[in-house]
>>> print(open('upload15.pdb').read())   # PDB, C-alpha atoms
ATOM      1  CA  MET A   1       7.723  17.423  34.103  1.00  0.00           C
ATOM      2  CA  LYS A   2       4.627  15.247  33.759  1.00  0.00           C
ATOM      3  CA  ASN A   3       3.119  12.762  31.304  1.00  0.00           C
ATOM      4  CA  LEU A   4       1.007  14.223  28.526  1.00  0.00           C
ATOM      5  CA  ASP A   5      -2.751  13.849  28.724  1.00  0.00           C
ATOM      6  CA  SER A   6      -4.742  12.775  25.648  1.00  0.00           C
ATOM      7  CA  THR A   7      -5.041  16.370  24.382  1.00  0.00           C
ATOM      8  CA  GLY A   8      -1.314  16.915  24.797  1.00  0.00           C
ATOM      9  CA  LEU A   9      -0.587  13.693  22.903  1.00  0.00           C
ATOM     10  CA  LYS A  10      -2.828  14.751  20.029  1.00  0.00           C
ATOM     11  CA  ARG A  11      -1.058  18.110  19.785  1.00  0.00           C
ATOM     12  CA  LEU A  12       2.376  16.486  19.871  1.00  0.00           C
ATOM     13  CA  HIS A  13       1.529  13.949  17.159  1.00  0.00           C
ATOM     14  CA  ARG A  14      -0.168  16.595  14.992  1.00  0.00           C
ATOM     15  CA  GLU A  15       3.018  18.669  15.075  1.00  0.00           C
ATOM     16  CA  TRP A  16       5.154  15.710  13.940  1.00  0.00           C
ATOM     17  CA  ARG A  17       2.704  14.701  11.197  1.00  0.00           C
ATOM     18  CA  ARG A  18       3.105  18.167   9.687  1.00  0.00           C
ATOM     19  CA  ARG A  19       6.879  17.782   9.490  1.00  0.00           C
ATOM     20  CA  ALA A  20       6.913  14.943   6.982  1.00  0.00           C
ATOM     21  CA  ASP A  21       4.669  13.831   4.174  1.00  0.00           C
ATOM     22  CA  THR A  22       5.954  10.327   3.615  1.00  0.00           C
ATOM     23  CA  ASP A  23       5.013   7.450   1.381  1.00  0.00           C
ATOM     24  CA  VAL A  24       6.470   4.389   3.052  1.00  0.00           C
ATOM     25  CA  ALA A  25       5.064   0.889   2.650  1.00  0.00           C
ATOM     26  CA  LEU A  26       5.916  -2.528   4.096  1.00  0.00           C
ATOM     27  CA  LEU A  27       6.234  -5.993   2.598  1.00  0.00           C
ATOM     28  CA  LEU A  28       6.005  -8.817   5.128  1.00  0.00           C
ATOM     29  CA  ASP A  29       7.584 -11.863   3.497  1.00  0.00           C
ATOM     30  CA  SER A  30       6.270 -14.928   5.380  1.00  0.00           C
ATOM     31  CA  VAL A  31       6.315 -13.350   8.856  1.00  0.00           C
ATOM     32  CA  GLN A  32       4.494 -16.210  10.560  1.00  0.00           C
ATOM     33  CA  THR A  33       4.019 -15.275  14.209  1.00  0.00           C
ATOM     34  CA  PRO A  34       0.733 -13.413  14.786  1.00  0.00           C
ATOM     35  CA  TYR A  35       2.273 -11.404  17.632  1.00  0.00           C
ATOM     36  CA  ASN A  36       5.075 -10.197  15.364  1.00  0.00           C
ATOM     37  CA  VAL A  37       2.542  -9.245  12.691  1.00  0.00           C
ATOM     38  CA  GLY A  38       0.496  -7.419  15.325  1.00  0.00           C
ATOM     39  CA  ALA A  39       3.501  -5.527  16.649  1.00  0.00           C
ATOM     40  CA  ILE A  40       4.481  -4.557  13.106  1.00  0.00           C
ATOM     41  CA  LEU A  41       0.917  -3.358  12.393  1.00  0.00           C
ATOM     42  CA  ARG A  42       0.925  -1.191  15.509  1.00  0.00           C
ATOM     43  CA  THR A  43       4.252   0.390  14.543  1.00  0.00           C
ATOM     44  CA  ALA A  44       3.064   0.789  10.938  1.00  0.00           C
ATOM     45  CA  ALA A  45      -0.017   2.678  12.129  1.00  0.00           C
ATOM     46  CA  ALA A  46       2.133   4.889  14.379  1.00  0.00           C
ATOM     47  CA  TYR A  47       4.344   5.793  11.392  1.00  0.00           C
ATOM     48  CA  ARG A  48       1.463   6.225   8.915  1.00  0.00           C
ATOM     49  CA  VAL A  49       2.591   3.421   6.612  1.00  0.00           C
ATOM     50  CA  SER A  50       0.693   3.889   3.353  1.00  0.00           C
ATOM     51  CA  HIS A  51       0.173   0.194   2.549  1.00  0.00           C
ATOM     52  CA  LEU A  52       1.283  -3.283   3.588  1.00  0.00           C
ATOM     53  CA  TRP A  53       1.733  -6.385   1.484  1.00  0.00           C
ATOM     54  CA  LEU A  54       1.332  -9.613   3.465  1.00  0.00           C
ATOM     55  CA  ALA A  55       2.972 -12.250   1.304  1.00  0.00           C
ATOM     56  CA  GLY A  56       3.363 -16.009   1.415  1.00  0.00           C
ATOM     57  CA  ALA A  57       2.947 -17.556   4.845  1.00  0.00           C
ATOM     58  CA  THR A  58       2.500 -14.223   6.677  1.00  0.00           C
ATOM     59  CA  ALA A  59      -0.048 -14.572   9.461  1.00  0.00           C
ATOM     60  CA  ALA A  60      -3.299 -12.805   8.619  1.00  0.00           C
ATOM     61  CA  PRO A  61      -4.028  -9.901  10.975  1.00  0.00           C
ATOM     62  CA  THR A  62      -7.412 -11.244  12.031  1.00  0.00           C
ATOM     63  CA  HIS A  63      -7.010 -11.132  15.814  1.00  0.00           C
ATOM     64  CA  ALA A  64      -8.255  -7.687  16.891  1.00  0.00           C
ATOM     65  CA  LYS A  65      -6.308  -7.603  20.162  1.00  0.00           C
ATOM     66  CA  THR A  66      -2.979  -8.386  18.535  1.00  0.00           C
ATOM     67  CA  ALA A  67      -2.385  -4.760  17.535  1.00  0.00           C
ATOM     68  CA  LEU A  68      -4.861  -3.120  19.907  1.00  0.00           C
ATOM     69  CA  GLY A  69      -7.186  -2.236  17.031  1.00  0.00           C
ATOM     70  CA  THR A  70      -4.632  -0.241  15.053  1.00  0.00           C
ATOM     71  CA  GLY A  71      -5.371  -2.304  11.954  1.00  0.00           C
ATOM     72  CA  ARG A  72      -8.295   0.006  11.209  1.00  0.00           C
ATOM     73  CA  TYR A  73      -5.779   2.743  10.327  1.00  0.00           C
ATOM     74  CA  LEU A  74      -4.009   0.626   7.713  1.00  0.00           C
ATOM     75  CA  THR A  75      -4.630  -0.920   4.333  1.00  0.00           C
ATOM     76  CA  TRP A  76      -3.089  -4.178   3.206  1.00  0.00           C
ATOM     77  CA  THR A  77      -3.082  -6.674   0.402  1.00  0.00           C
ATOM     78  CA  ILE A  78      -2.707 -10.386   1.071  1.00  0.00           C
ATOM     79  CA  THR A  79      -0.849 -12.262  -1.669  1.00  0.00           C
ATOM     80  CA  GLU A  80      -0.204 -15.974  -1.930  1.00  0.00           C
ATOM     81  CA  THR A  81       3.329 -15.464  -3.171  1.00  0.00           C
ATOM     82  CA  ALA A  82       6.129 -12.981  -2.715  1.00  0.00           C
ATOM     83  CA  GLU A  83       6.301 -12.611  -6.509  1.00  0.00           C
ATOM     84  CA  GLU A  84       2.760 -11.212  -6.564  1.00  0.00           C
ATOM     85  CA  ALA A  85       3.555  -8.703  -3.829  1.00  0.00           C
ATOM     86  CA  VAL A  86       6.789  -7.586  -5.529  1.00  0.00           C
ATOM     87  CA  ALA A  87       4.981  -7.081  -8.852  1.00  0.00           C
ATOM     88  CA  ASP A  88       2.176  -5.154  -7.158  1.00  0.00           C
ATOM     89  CA  LEU A  89       4.438  -2.794  -5.209  1.00  0.00           C
ATOM     90  CA  ALA A  90       6.643  -2.184  -8.251  1.00  0.00           C
ATOM     91  CA  ALA A  91       3.527  -1.327 -10.287  1.00  0.00           C
ATOM     92  CA  GLY A  92       2.649   1.130  -7.514  1.00  0.00           C
ATOM     93  CA  GLY A  93       5.969   2.901  -7.996  1.00  0.00           C
ATOM     94  CA  TYR A  94       7.695   1.705  -4.821  1.00  0.00           C
ATOM     95  CA  GLY A  95      11.391   0.952  -4.586  1.00  0.00           C
ATOM     96  CA  LEU A  96      12.068  -2.117  -2.435  1.00  0.00           C
ATOM     97  CA  VAL A  97      14.619  -1.963   0.394  1.00  0.00           C
ATOM     98  CA  GLY A  98      15.297  -5.181   2.274  1.00  0.00           C
ATOM     99  CA  ILE A  99      16.087  -5.213   5.979  1.00  0.00           C
ATOM    100  CA  GLU A 100      18.277  -8.287   6.213  1.00  0.00           C
ATOM    101  CA  LEU A 101      21.600  -9.684   7.361  1.00  0.00           C
ATOM    102  CA  SER A 102      22.977 -10.596   3.940  1.00  0.00           C
ATOM    103  CA  ASP A 103      26.016 -10.272   1.704  1.00  0.00           C
ATOM    104  CA  GLY A 104      26.295  -6.763   0.334  1.00  0.00           C
ATOM    105  CA  ALA A 105      23.949  -5.232   2.903  1.00  0.00           C
ATOM    106  CA  VAL A 106      24.900  -1.751   4.106  1.00  0.00           C
ATOM    107  CA  PRO A 107      24.385  -0.334   7.602  1.00  0.00           C
ATOM    108  CA  LEU A 108      20.873   1.090   7.917  1.00  0.00           C
ATOM    109  CA  HIS A 109      22.139   4.598   8.623  1.00  0.00           C
ATOM    110  CA  GLU A 110      24.029   4.543   5.286  1.00  0.00           C
ATOM    111  CA  ALA A 111      21.234   3.005   3.203  1.00  0.00           C
ATOM    112  CA  TRP A 112      19.636   4.825   0.292  1.00  0.00           C
ATOM    113  CA  PHE A 113      15.845   5.081   0.389  1.00  0.00           C
ATOM    114  CA  PRO A 114      13.876   5.921  -2.746  1.00  0.00           C
ATOM    115  CA  GLU A 115      11.203   8.628  -2.620  1.00  0.00           C
ATOM    116  CA  ARG A 116       8.525   5.927  -2.397  1.00  0.00           C
ATOM    117  CA  THR A 117      10.096   3.256  -0.189  1.00  0.00           C
ATOM    118  CA  CYS A 118       8.759  -0.179   0.596  1.00  0.00           C
ATOM    119  CA  LEU A 119      10.678  -1.886   3.391  1.00  0.00           C
ATOM    120  CA  ALA A 120      10.812  -5.682   3.182  1.00  0.00           C
ATOM    121  CA  LEU A 121      10.844  -7.723   6.394  1.00  0.00           C
ATOM    122  CA  GLY A 122      11.304 -11.483   6.316  1.00  0.00           C
ATOM    123  CA  HIS A 123      10.550 -14.699   8.145  1.00  0.00           C
ATOM    124  CA  GLU A 124      11.599 -14.888  11.784  1.00  0.00           C
ATOM    125  CA  ASP A 125      14.266 -17.571  11.177  1.00  0.00           C
ATOM    126  CA  ARG A 126      14.965 -17.659   7.437  1.00  0.00           C
ATOM    127  CA  GLY A 127      14.745 -13.929   6.688  1.00  0.00           C
ATOM    128  CA  LEU A 128      13.788 -12.642   3.253  1.00  0.00           C
ATOM    129  CA  SER A 129      13.096 -15.133   0.492  1.00  0.00           C
ATOM    130  CA  GLY A 130      15.400 -15.270  -2.516  1.00  0.00           C
ATOM    131  CA  VAL A 131      12.664 -13.757  -4.685  1.00  0.00           C
ATOM    132  CA  VAL A 132      12.369 -10.689  -2.463  1.00  0.00           C
ATOM    133  CA  LEU A 133      16.138 -10.302  -2.020  1.00  0.00           C
ATOM    134  CA  GLU A 134      16.575 -10.333  -5.801  1.00  0.00           C
ATOM    135  CA  ALA A 135      13.888  -7.652  -6.187  1.00  0.00           C
ATOM    136  CA  CYS A 136      15.467  -5.289  -3.643  1.00  0.00           C
ATOM    137  CA  GLY A 137      17.152  -2.194  -4.998  1.00  0.00           C
ATOM    138  CA  SER A 138      19.203  -2.145  -1.821  1.00  0.00           C
ATOM    139  CA  VAL A 139      19.531  -4.167   1.368  1.00  0.00           C
ATOM    140  CA  ALA A 140      20.351  -2.765   4.796  1.00  0.00           C
ATOM    141  CA  PHE A 141      21.214  -4.280   8.147  1.00  0.00           C
ATOM    142  CA  ILE A 142      20.905  -2.850  11.641  1.00  0.00           C
ATOM    143  CA  PRO A 143      24.318  -2.640  13.322  1.00  0.00           C
ATOM    144  CA  GLN A 144      24.320  -4.348  16.714  1.00  0.00           C
ATOM    145  CA  LEU A 145      26.820  -3.997  19.505  1.00  0.00           C
ATOM    146  CA  GLY A 146      25.935  -6.903  21.781  1.00  0.00           C
ATOM    147  CA  LYS A 147      26.498 -10.620  21.526  1.00  0.00           C
ATOM    148  CA  VAL A 148      23.024 -11.435  20.194  1.00  0.00           C
ATOM    149  CA  GLY A 149      23.269 -11.977  16.443  1.00  0.00           C
ATOM    150  CA  SER A 150      19.907 -10.657  15.303  1.00  0.00           C
ATOM    151  CA  LEU A 151      16.804  -8.728  16.324  1.00  0.00           C
ATOM    152  CA  ASN A 152      13.169  -9.767  16.436  1.00  0.00           C
ATOM    153  CA  VAL A 153      11.520  -8.920  13.102  1.00  0.00           C
ATOM    154  CA  ALA A 154       9.074  -6.509  14.747  1.00  0.00           C
ATOM    155  CA  ALA A 155      11.905  -4.677  16.521  1.00  0.00           C
ATOM    156  CA  ALA A 156      13.917  -4.501  13.297  1.00  0.00           C
ATOM    157  CA  GLY A 157      10.887  -3.170  11.436  1.00  0.00           C
ATOM    158  CA  ALA A 158      10.333  -0.470  14.061  1.00  0.00           C
ATOM    159  CA  ILE A 159      13.948   0.672  13.849  1.00  0.00           C
ATOM    160  CA  ALA A 160      13.870   0.736  10.039  1.00  0.00           C
ATOM    161  CA  LEU A 161      10.603   2.705   9.941  1.00  0.00           C
ATOM    162  CA  TYR A 162      12.031   5.202  12.392  1.00  0.00           C
ATOM    163  CA  GLU A 163      15.194   5.660  10.301  1.00  0.00           C
ATOM    164  CA  VAL A 164      13.267   6.270   7.066  1.00  0.00           C
ATOM    165  CA  HIS A 165      11.138   8.922   8.768  1.00  0.00           C
ATOM    166  CA  ARG A 166      14.005  10.448  10.770  1.00  0.00           C
ATOM    167  CA  ARG A 167      15.698  11.448   7.541  1.00  0.00           C
ATOM    168  CA  LEU A 168      12.642  13.396   6.472  1.00  0.00           C
ATOM    169  CA  TRP A 169      12.398  15.413   9.682  1.00  0.00           C
TER
END
>>> encode(input="upload15.pdb", output="structure tokens")
Amino acid sequence: MKNLDSTGLKRLHREWRRRADTDVALLLDSVQTPYNVGAILRTAAAYRVSHLWLAGATAAPTHAKTALGTGRYLTWTITETAEEAVADLAAGGYGLVGIELSDGAVPLHEAWFPERTCLALGHEDRGLSGVVLEACGSVAFIPQLGKVGSLNVAAAGAIALYEVHRRLW
């Protein structure tokens, strides 16, 4: 066994792209740390996220090295408020699914995802705003087995994006 070269990687990724034609978007609700935004952008590009909404106090993805240039594969809309982002994604036909530790949240593996899903990820400490939580058709949490109570927002986003796509494979 050996690592794939660049041609092997292209073939592998091409095969997986053919398996699923997805329309998944992301709403970042005041994700303030540029490194978290960069990590989320890199994962979003890897999973072919169709669009991102960067709402409220979300750090603008202006630092090219943050996501190793993957921003060029993505489109995003910057909104001053979460309300604007929610209205825009709803007008685009997306159903909003929050990834949050909240009352009534279901385990991620049991969550329902609409055909056009927009995953909402919140602030590093405060989570999703009340406006976004109210707009969510469903809310899911990531079950954890250890003694740490929560995951980094970029890690949680990566797991949620994987789960949405896994179901389509």
>>> resolve_selection(input="upload15.pdb", expression="the PyMOL selection byres ((chain A and resi 104-107) around 12)", output="number ranges by chain")
A: 97-103, 108-113, 133, 136-144, 160, 163
>>> residues_around(input="upload15.pdb", residues="A:Arg18", least_positions_apart="6", cutoff="12 Å", atoms="only C-alpha atoms", output="MDAnalysis selection string")
chainID A and resid 11:12 168:169
>>> residues_around(input="upload15.pdb", residues="A:Leu161", least_positions_apart="6", cutoff="9 Å", atoms="all atoms listed in the file", output="VMD selection string")
chain A and resid 24 43 to 44 47 49 119
>>> write_last_selection(input="upload15.pdb", atoms="C-alpha atoms", output="tab-separated table (two decimals), keeping the file's coordinate frame")
chain	number	residue	atom	x	y	z
A	24	VAL	CA	6.47	4.39	3.05
A	43	THR	CA	4.25	0.39	14.54
A	44	ALA	CA	3.06	0.79	10.94
A	47	TYR	CA	4.34	5.79	11.39
A	49	VAL	CA	2.59	3.42	6.61
A	119	LEU	CA	10.68	-1.89	3.39
>>> atom_distance(input="upload15.pdb", atom1="atom CA of A:Glu134", atom2="atom CA of A:Asp21")
28.7 Å
>>> closest_residue(input="upload15.pdb", among="A:Tyr162, A:Trp16, A:Trp76, A:Tyr35", to="A:Leu89", atoms="only C-alpha atoms")
A:Trp76
